[in-house]
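One file, structure31.tsv, carrying TSV, C-alpha atoms:
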```tsv
chain	number	residue	atom	x	y	z
A	5	MET	CA	1.98	19.35	20.08
A	6	LYS	CA	2.42	15.59	20.06
A	7	THR	CA	1.65	13.74	16.85
A	8	THR	CA	-1.32	11.37	16.96
A	9	TYR	CA	-0.83	8.40	14.65
A	10	VAL	CA	-3.93	6.76	13.19
A	11	ILE	CA	-4.25	3.68	11.00
A	12	ILE	CA	-7.43	3.29	8.94
A	13	THR	CA	-8.06	-0.29	7.93
A	14	GLY	CA	-10.54	-3.09	7.38
A	15	MET	CA	-10.95	-5.96	4.94
A	16	HIS	CA	-10.69	-5.11	1.25
A	17	ARG	CA	-14.02	-3.98	-0.27
A	18	THR	CA	-15.40	-2.57	2.99
A	19	GLY	CA	-15.10	1.13	2.18
A	20	THR	CA	-11.68	1.93	3.64
A	21	SER	CA	-10.95	4.32	0.75
A	22	MET	CA	-14.25	6.12	1.26
A	23	LEU	CA	-13.56	6.45	4.97
A	24	ALA	CA	-9.98	7.68	4.52
A	25	GLY	CA	-11.03	10.18	1.88
A	26	ALA	CA	-13.82	11.54	4.07
A	27	LEU	CA	-11.51	11.91	7.07
A	28	GLY	CA	-8.97	13.66	4.86
A	29	ILE	CA	-11.66	16.13	3.84
A	30	CYS	CA	-12.52	16.67	7.50
A	31	GLY	CA	-8.94	17.65	8.25
A	32	LEU	CA	-6.95	14.51	9.05
A	33	ASP	CA	-3.50	14.70	7.46
A	34	ILE	CA	-3.36	11.63	5.20
A	35	GLY	CA	-0.65	13.09	2.97
A	36	THR	CA	-0.58	13.37	-0.80
A	37	ASN	CA	1.75	10.53	-1.80
A	38	PHE	CA	-0.95	8.54	-3.55
A	39	ARG	CA	-0.98	6.70	-6.88
A	40	PRO	CA	-1.05	9.39	-9.60
A	41	GLU	CA	-4.06	8.12	-11.53
A	42	PRO	CA	-7.42	6.74	-10.35
A	43	HIS	CA	-8.17	3.06	-10.74
A	44	PRO	CA	-11.45	1.75	-12.23
A	45	CYS	CA	-12.12	-0.10	-8.96
A	46	ASN	CA	-11.80	3.16	-7.02
A	47	PRO	CA	-12.25	6.10	-9.40
A	48	LYS	CA	-12.06	8.67	-6.58
A	49	GLY	CA	-8.80	7.25	-5.28
A	50	TYR	CA	-7.44	4.79	-2.73
A	51	PHE	CA	-5.96	7.44	-0.40
A	52	GLU	CA	-3.12	5.07	0.51
A	53	ASP	CA	0.26	6.57	1.22
A	54	LEU	CA	2.49	4.69	-1.21
A	55	MET	CA	5.33	4.21	1.27
A	56	PHE	CA	2.98	2.86	3.97
A	57	ARG	CA	1.56	0.45	1.41
A	58	LYS	CA	5.06	-0.55	0.29
A	59	LEU	CA	6.17	-1.27	3.85
A	60	ASN	CA	3.09	-3.38	4.52
A	61	LEU	CA	3.69	-5.39	1.35
A	62	LYS	CA	7.31	-5.95	2.37
A	63	LEU	CA	6.25	-7.14	5.82
A	64	MET	CA	3.74	-9.50	4.26
A	65	ARG	CA	6.28	-10.94	1.82
A	66	LYS	CA	8.58	-11.69	4.75
A	67	ALA	CA	5.68	-13.57	6.34
A	68	GLY	CA	5.24	-15.61	3.15
A	69	ILE	CA	2.19	-13.76	1.82
A	70	GLY	CA	2.01	-12.97	-1.90
A	71	PRO	CA	1.89	-9.40	-3.30
A	72	GLY	CA	-1.81	-9.82	-4.09
A	73	SER	CA	-2.32	-9.65	-0.32
A	74	PHE	CA	-5.28	-12.03	-0.39
A	75	VAL	CA	-3.98	-15.60	-0.38
A	76	LEU	CA	-2.70	-16.43	3.08
A	77	PRO	CA	-0.82	-19.46	4.38
A	78	GLU	CA	-2.75	-21.77	6.66
A	79	TYR	CA	-0.99	-20.34	9.69
A	80	PHE	CA	1.28	-17.42	10.29
A	81	GLN	CA	2.05	-14.76	12.85
A	82	ILE	CA	3.44	-11.78	11.01
A	83	LYS	CA	4.19	-9.94	14.25
A	84	ASN	CA	6.94	-12.51	14.91
A	85	GLY	CA	8.50	-12.15	11.48
A	86	LYS	CA	11.68	-10.31	10.53
A	87	PHE	CA	11.39	-6.76	9.27
A	88	SER	CA	13.48	-3.63	8.71
A	89	THR	CA	13.21	-1.62	11.91
A	90	GLN	CA	15.24	1.20	10.41
A	91	ARG	CA	12.92	1.77	7.44
A	92	ILE	CA	9.78	1.68	9.56
A	93	ALA	CA	11.24	4.00	12.21
A	94	GLU	CA	12.38	6.46	9.54
A	95	PHE	CA	8.95	6.42	7.90
A	96	ILE	CA	7.28	7.23	11.22
A	97	ARG	CA	9.76	10.07	11.87
A	98	THR	CA	8.90	11.71	8.54
A	99	TRP	CA	5.27	11.85	9.71
A	100	ASP	CA	6.02	13.40	13.11
A	101	ARG	CA	4.17	16.61	12.29
A	102	GLY	CA	2.73	17.77	15.61
A	103	HIS	CA	-0.88	17.05	14.63
A	104	PRO	CA	-3.02	13.97	13.88
A	105	VAL	CA	-1.83	11.98	10.86
A	106	GLY	CA	-3.38	8.92	9.27
A	107	TRP	CA	-2.44	6.06	6.96
A	108	LYS	CA	-4.93	3.80	5.23
A	109	ASP	CA	-4.33	0.27	3.98
A	110	PRO	CA	-6.52	-2.86	4.27
A	111	ARG	CA	-3.30	-4.87	4.54
A	112	ALA	CA	-2.72	-3.27	7.93
A	113	CYS	CA	-5.20	-5.85	9.24
A	114	LEU	CA	-2.23	-8.20	8.98
A	115	THR	CA	0.56	-5.86	10.11
A	116	LEU	CA	-0.91	-3.93	13.06
A	117	GLY	CA	1.11	-6.00	15.50
A	118	ILE	CA	4.31	-4.55	14.08
A	119	TRP	CA	3.12	-0.93	13.85
A	120	LYS	CA	1.95	-1.13	17.45
A	121	LYS	CA	5.51	-1.96	18.54
A	122	PHE	CA	6.79	1.25	16.97
A	123	ILE	CA	3.85	3.46	18.00
A	124	PRO	CA	2.74	2.55	21.54
A	125	ASP	CA	-0.11	5.09	21.54
A	126	LEU	CA	-1.35	4.15	18.06
A	127	LYS	CA	-5.06	4.62	17.34
A	128	VAL	CA	-7.03	2.53	14.86
A	129	ILE	CA	-10.22	3.20	12.90
A	130	THR	CA	-11.82	0.23	11.17
A	131	ILE	CA	-14.81	-0.15	8.90
A	132	SER	CA	-16.92	-3.30	8.72
A	133	ARG	CA	-19.38	-4.88	6.32
A	134	PRO	CA	-21.19	-8.26	6.29
A	135	ALA	CA	-18.77	-10.98	5.21
A	136	ILE	CA	-21.06	-12.27	2.45
A	137	GLU	CA	-21.16	-8.81	0.86
A	138	ILE	CA	-17.37	-8.61	1.00
A	139	ALA	CA	-17.09	-12.02	-0.65
A	140	ASN	CA	-19.53	-11.02	-3.40
A	141	SER	CA	-17.64	-7.79	-4.03
A	142	LEU	CA	-14.33	-9.65	-4.14
A	143	LYS	CA	-15.77	-11.99	-6.76
A	144	THR	CA	-16.63	-9.06	-9.04
A	145	ARG	CA	-12.97	-8.07	-8.84
A	146	ARG	CA	-11.60	-11.61	-8.99
A	147	PRO	CA	-14.04	-13.74	-11.04
A	148	ASP	CA	-11.88	-16.83	-10.51
A	149	TRP	CA	-12.63	-16.74	-6.80
A	150	THR	CA	-15.51	-18.67	-5.29
A	151	ILE	CA	-17.70	-17.09	-2.65
A	152	GLU	CA	-16.42	-19.71	-0.20
A	153	PHE	CA	-12.80	-18.73	-0.83
A	154	GLY	CA	-13.68	-15.05	-0.46
A	155	LEU	CA	-15.29	-15.78	2.89
A	156	LYS	CA	-12.24	-17.72	4.03
A	157	VAL	CA	-9.88	-14.87	3.17
A	158	THR	CA	-12.21	-12.33	4.76
A	159	ASN	CA	-12.40	-14.28	8.00
A	160	ARG	CA	-8.63	-14.65	8.13
A	161	TYR	CA	-8.13	-10.90	7.76
A	162	LEU	CA	-10.75	-10.12	10.39
A	163	ASP	CA	-9.43	-12.72	12.83
A	164	ASN	CA	-6.00	-11.11	12.67
A	165	LEU	CA	-7.48	-7.64	13.03
A	166	GLU	CA	-9.43	-8.57	16.15
A	167	SER	CA	-6.38	-10.25	17.65
A	168	TYR	CA	-4.15	-7.22	17.15
A	169	CYS	CA	-6.75	-4.66	18.32
A	170	LYS	CA	-7.27	-6.14	21.78
A	171	ASP	CA	-4.97	-3.56	23.35
A	172	ILE	CA	-5.19	-0.73	20.77
A	173	PRO	CA	-7.65	2.19	21.11
A	174	ARG	CA	-10.07	1.61	18.25
A	175	ILE	CA	-13.39	2.71	16.81
A	176	ASP	CA	-15.20	0.49	14.34
A	177	VAL	CA	-17.83	1.94	12.01
A	178	GLN	CA	-20.29	0.20	9.74
A	179	TYR	CA	-20.17	0.59	5.96
A	180	HIS	CA	-23.94	0.58	5.65
A	181	ASP	CA	-24.35	3.43	8.11
A	182	PHE	CA	-22.73	5.82	5.65
A	183	PHE	CA	-25.72	5.34	3.34
A	184	VAL	CA	-28.54	5.88	5.82
A	185	ASP	CA	-28.82	9.68	5.69
A	186	LEU	CA	-26.82	12.89	6.02
A	187	ARG	CA	-27.35	13.13	9.78
A	188	THR	CA	-25.93	9.65	10.37
A	189	ARG	CA	-22.88	10.27	8.16
A	190	MET	CA	-22.06	13.50	9.95
A	191	PHE	CA	-22.57	11.93	13.38
A	192	ILE	CA	-20.12	9.14	12.52
A	193	LEU	CA	-17.45	11.48	11.18
A	194	LEU	CA	-17.75	13.91	14.08
A	195	GLY	CA	-17.26	11.02	16.50
A	196	LEU	CA	-14.17	9.87	14.62
A	197	CYS	CA	-12.72	13.37	14.51
A	198	ASP	CA	-13.19	13.68	18.27
A	199	PHE	CA	-11.48	10.29	18.76
A	200	ILE	CA	-8.35	11.31	16.82
A	201	GLY	CA	-8.28	14.98	17.84
A	202	VAL	CA	-9.22	16.64	14.55
A	203	ASN	CA	-11.28	19.81	14.37
A	204	PRO	CA	-13.30	19.58	11.12
A	205	VAL	CA	-12.41	22.29	8.63
A	206	ASN	CA	-14.90	24.84	7.33
A	207	GLY	CA	-17.20	23.49	4.65
A	208	TRP	CA	-16.47	19.85	5.43
A	209	VAL	CA	-20.12	18.75	5.37
A	210	ASN	CA	-20.77	19.80	1.78
A	211	LYS	CA	-17.41	18.49	0.61
A	212	VAL	CA	-17.97	15.09	2.21
A	213	GLU	CA	-21.47	14.88	0.73
A	214	GLU	CA	-20.06	15.57	-2.71
A	215	PHE	CA	-17.28	13.03	-2.17
A	216	ILE	CA	-19.27	10.02	-0.94
A	217	ASP	CA	-20.77	8.12	-3.84
A	218	LYS	CA	-24.19	6.87	-2.79
A	219	LYS	CA	-23.87	4.10	-5.39
A	220	LEU	CA	-21.10	2.46	-3.39
A	221	TRP	CA	-23.49	0.10	-1.62
A	222	ARG	CA	-22.35	-2.80	-3.79
A	223	GLU	CA	-24.19	-6.09	-3.97
A	224	ARG	CA	-26.68	-5.11	-1.28
A	225	GLN	CA	-29.60	-6.96	-2.81
A	226	ALA	CA	-27.46	-9.94	-3.89
A	227	ALA	CA	-26.18	-10.36	-0.37
A	228	LYS	CA	-29.62	-10.53	1.24
```
Output the structure of this file as structure tokens.
Amino acid sequence: MKTTYVIITGMHRTGTSMLAGALGICGLDIGTNFRPEPHPCNPKGYFEDLMFRKLNLKLMRKAGIGPGSFVLPEYFQIKNGKFSTQRIAEFIRTWDRGHPVGWKDPRACLTLGIWKKFIPDLKVITISRPAIEIANSLKTRRPDWTIEFGLKVTNRYLDNLESYCKDIPRIDVQYHDFFVDLRTRMFILLGLCDFIGVNPVNGWVNKVEEFIDKKLWRERQAAK
């Protein structure tokens, strides 16, 4: 069976970790090479393959973007930058497992152009949230940021994402929809599983319900 490669991405603070974790529960192979201990910002985990994250950071550094992955130059096209084709190709080969596999990283909003060159039939799943909510959430994590700066960074990420996804099969889901009710959550995840070719494992509904923290709807009232 041919391997289906999936990238899960979206701007920081939009629920990419929640989405990746839920898809992993459903049966998508997202690996186990994660950071060993939970972080206060994401106590249930980031679900980012450490090598995928490392490669994205390297690509961004070559494009002149700092390791914090937020502050961007006024103009850049990372897809035209220099990068190590050998390391990326080897990473992809190690994931050629004959079934759907997925990698999650918000930074992929900025690097999809490169991954697409290596994986012509790449699929992408993104998650969205109102920009003002993202900016408010970023400010709780980076108090030195203004809301205006958070909005600027958010728009730059999303502009790049939309540019790269013009010719990539993609499904975008809404962060808020995961907190409507059980039926809506299951409907979304079943649609995503069908898109990437995953048959949900037994017991996935209860496991996902236990996993998704209903308190994750951050700054909802503040953003209104």
If you count only C-alpha atoms, which residues fall within 6 Å of segment 133-149 of chain A, apart from same-chain ones fewer than 5 positions away, as a PDB file with C-alpha atoms, in the coordinates of the input?
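Wrote out-v7.pdb, looks like this:
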```pdb
ATOM      1  CA  ARG A  17     -14.020  -3.980  -0.270  1.00  0.00           C
ATOM      2  CA  THR A  18     -15.400  -2.570   2.990  1.00  0.00           C
ATOM      3  CA  GLY A 154     -13.680 -15.050  -0.460  1.00  0.00           C
ATOM      4  CA  LEU A 155     -15.290 -15.780   2.890  1.00  0.00           C
ATOM      5  CA  TYR A 179     -20.170   0.590   5.960  1.00  0.00           C
ATOM      6  CA  ALA A 227     -26.180 -10.360  -0.370  1.00  0.00           C
TER       7      ALA A 227
END
```
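The nearest approach to Leu165 of chain A among the residues A:Pro104, A:Gly195, A:Gly207, A:Pro110, with all atoms listed in the file taken into account, belongs to A:Pro110.
Rounded to one decimal, atom CA of Arg174 of chain A and atom CA of Leu59 of chain A lie 21.9 Å from each other.
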* Identify the residues around (6.8, 4.6, 1.1) within a radius of 12 Å, measuring from all atoms listed in the file in the coordinates stated by the file, and give them as a PyMOL selection string. => chain A and resi 35-39+52-62+91-96+98-99+107
With C-alpha atoms retained, could you export that selection as an mmCIF file, in the frame of the given file?
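File selection36.cif, as written:
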```
data_model
loop_
_atom_site.group_PDB
_atom_site.id
_atom_site.type_symbol
_atom_site.label_atom_id
_atom_site.label_comp_id
_atom_site.auth_asym_id
_atom_site.auth_seq_id
_atom_site.Cartn_x
_atom_site.Cartn_y
_atom_site.Cartn_z
ATOM 1 C CA GLY A 35 -0.650 13.090 2.970
ATOM 2 C CA THR A 36 -0.580 13.370 -0.800
ATOM 3 C CA ASN A 37 1.750 10.530 -1.800
ATOM 4 C CA PHE A 38 -0.950 8.540 -3.550
ATOM 5 C CA ARG A 39 -0.980 6.700 -6.880
ATOM 6 C CA GLU A 52 -3.120 5.070 0.510
ATOM 7 C CA ASP A 53 0.260 6.570 1.220
ATOM 8 C CA LEU A 54 2.490 4.690 -1.210
ATOM 9 C CA MET A 55 5.330 4.210 1.270
ATOM 10 C CA PHE A 56 2.980 2.860 3.970
ATOM 11 C CA ARG A 57 1.560 0.450 1.410
ATOM 12 C CA LYS A 58 5.060 -0.550 0.290
ATOM 13 C CA LEU A 59 6.170 -1.270 3.850
ATOM 14 C CA ASN A 60 3.090 -3.380 4.520
ATOM 15 C CA LEU A 61 3.690 -5.390 1.350
ATOM 16 C CA LYS A 62 7.310 -5.950 2.370
ATOM 17 C CA ARG A 91 12.920 1.770 7.440
ATOM 18 C CA ILE A 92 9.780 1.680 9.560
ATOM 19 C CA ALA A 93 11.240 4.000 12.210
ATOM 20 C CA GLU A 94 12.380 6.460 9.540
ATOM 21 C CA PHE A 95 8.950 6.420 7.900
ATOM 22 C CA ILE A 96 7.280 7.230 11.220
ATOM 23 C CA THR A 98 8.900 11.710 8.540
ATOM 24 C CA TRP A 99 5.270 11.850 9.710
ATOM 25 C CA TRP A 107 -2.440 6.060 6.960
#
```
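Proximity to Ala26 of chain A was assessed for A:Tyr9, A:Phe51, A:Tyr168, A:Tyr161 counting only C-alpha atoms; the smallest distance is recorded for A:Phe51.
Residues surrounding Thr7 of chain A within 9 Å are Trp99, Asp100, Arg101, Gly102, His103, Pro104 and Val105 of chain A [only C-alpha atoms; sequence separation below 6 positions excluded].
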* Asked: Which is closer to Asp171 of chain A than all the others in A:Ala67, A:Ala24, A:Val128, A:Cys30, using only C-alpha atoms?
  -> A:Val128
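With all atoms listed in the file as the atoms that count, the residue of A:Lys218, A:His16, A:Lys127, A:Lys170 with the shortest distance to Arg189 of chain A is A:Lys218.
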Using all atoms listed in the file, which protein or nucleic acid residues come within 9 Å of Tyr50 of chain A? Drop anything in the same chain fewer than 4 positions from it, and give the result as a compact mmCIF listing (two decimals) with C-alpha atoms, in the frame of the given file.
```
# COMPACT_ATOMS: atom_id res chain seq x y z
CA THR A 20 -11.68 1.93 3.64
CA SER A 21 -10.95 4.32 0.75
CA MET A 22 -14.25 6.12 1.26
CA ALA A 24 -9.98 7.68 4.52
CA GLY A 25 -11.03 10.18 1.88
CA PHE A 38 -0.95 8.54 -3.55
CA ARG A 39 -0.98 6.70 -6.88
CA PRO A 42 -7.42 6.74 -10.35
CA HIS A 43 -8.17 3.06 -10.74
CA ASN A 46 -11.80 3.16 -7.02
CA LYS A 108 -4.93 3.80 5.23
CA ASP A 109 -4.33 0.27 3.98
```
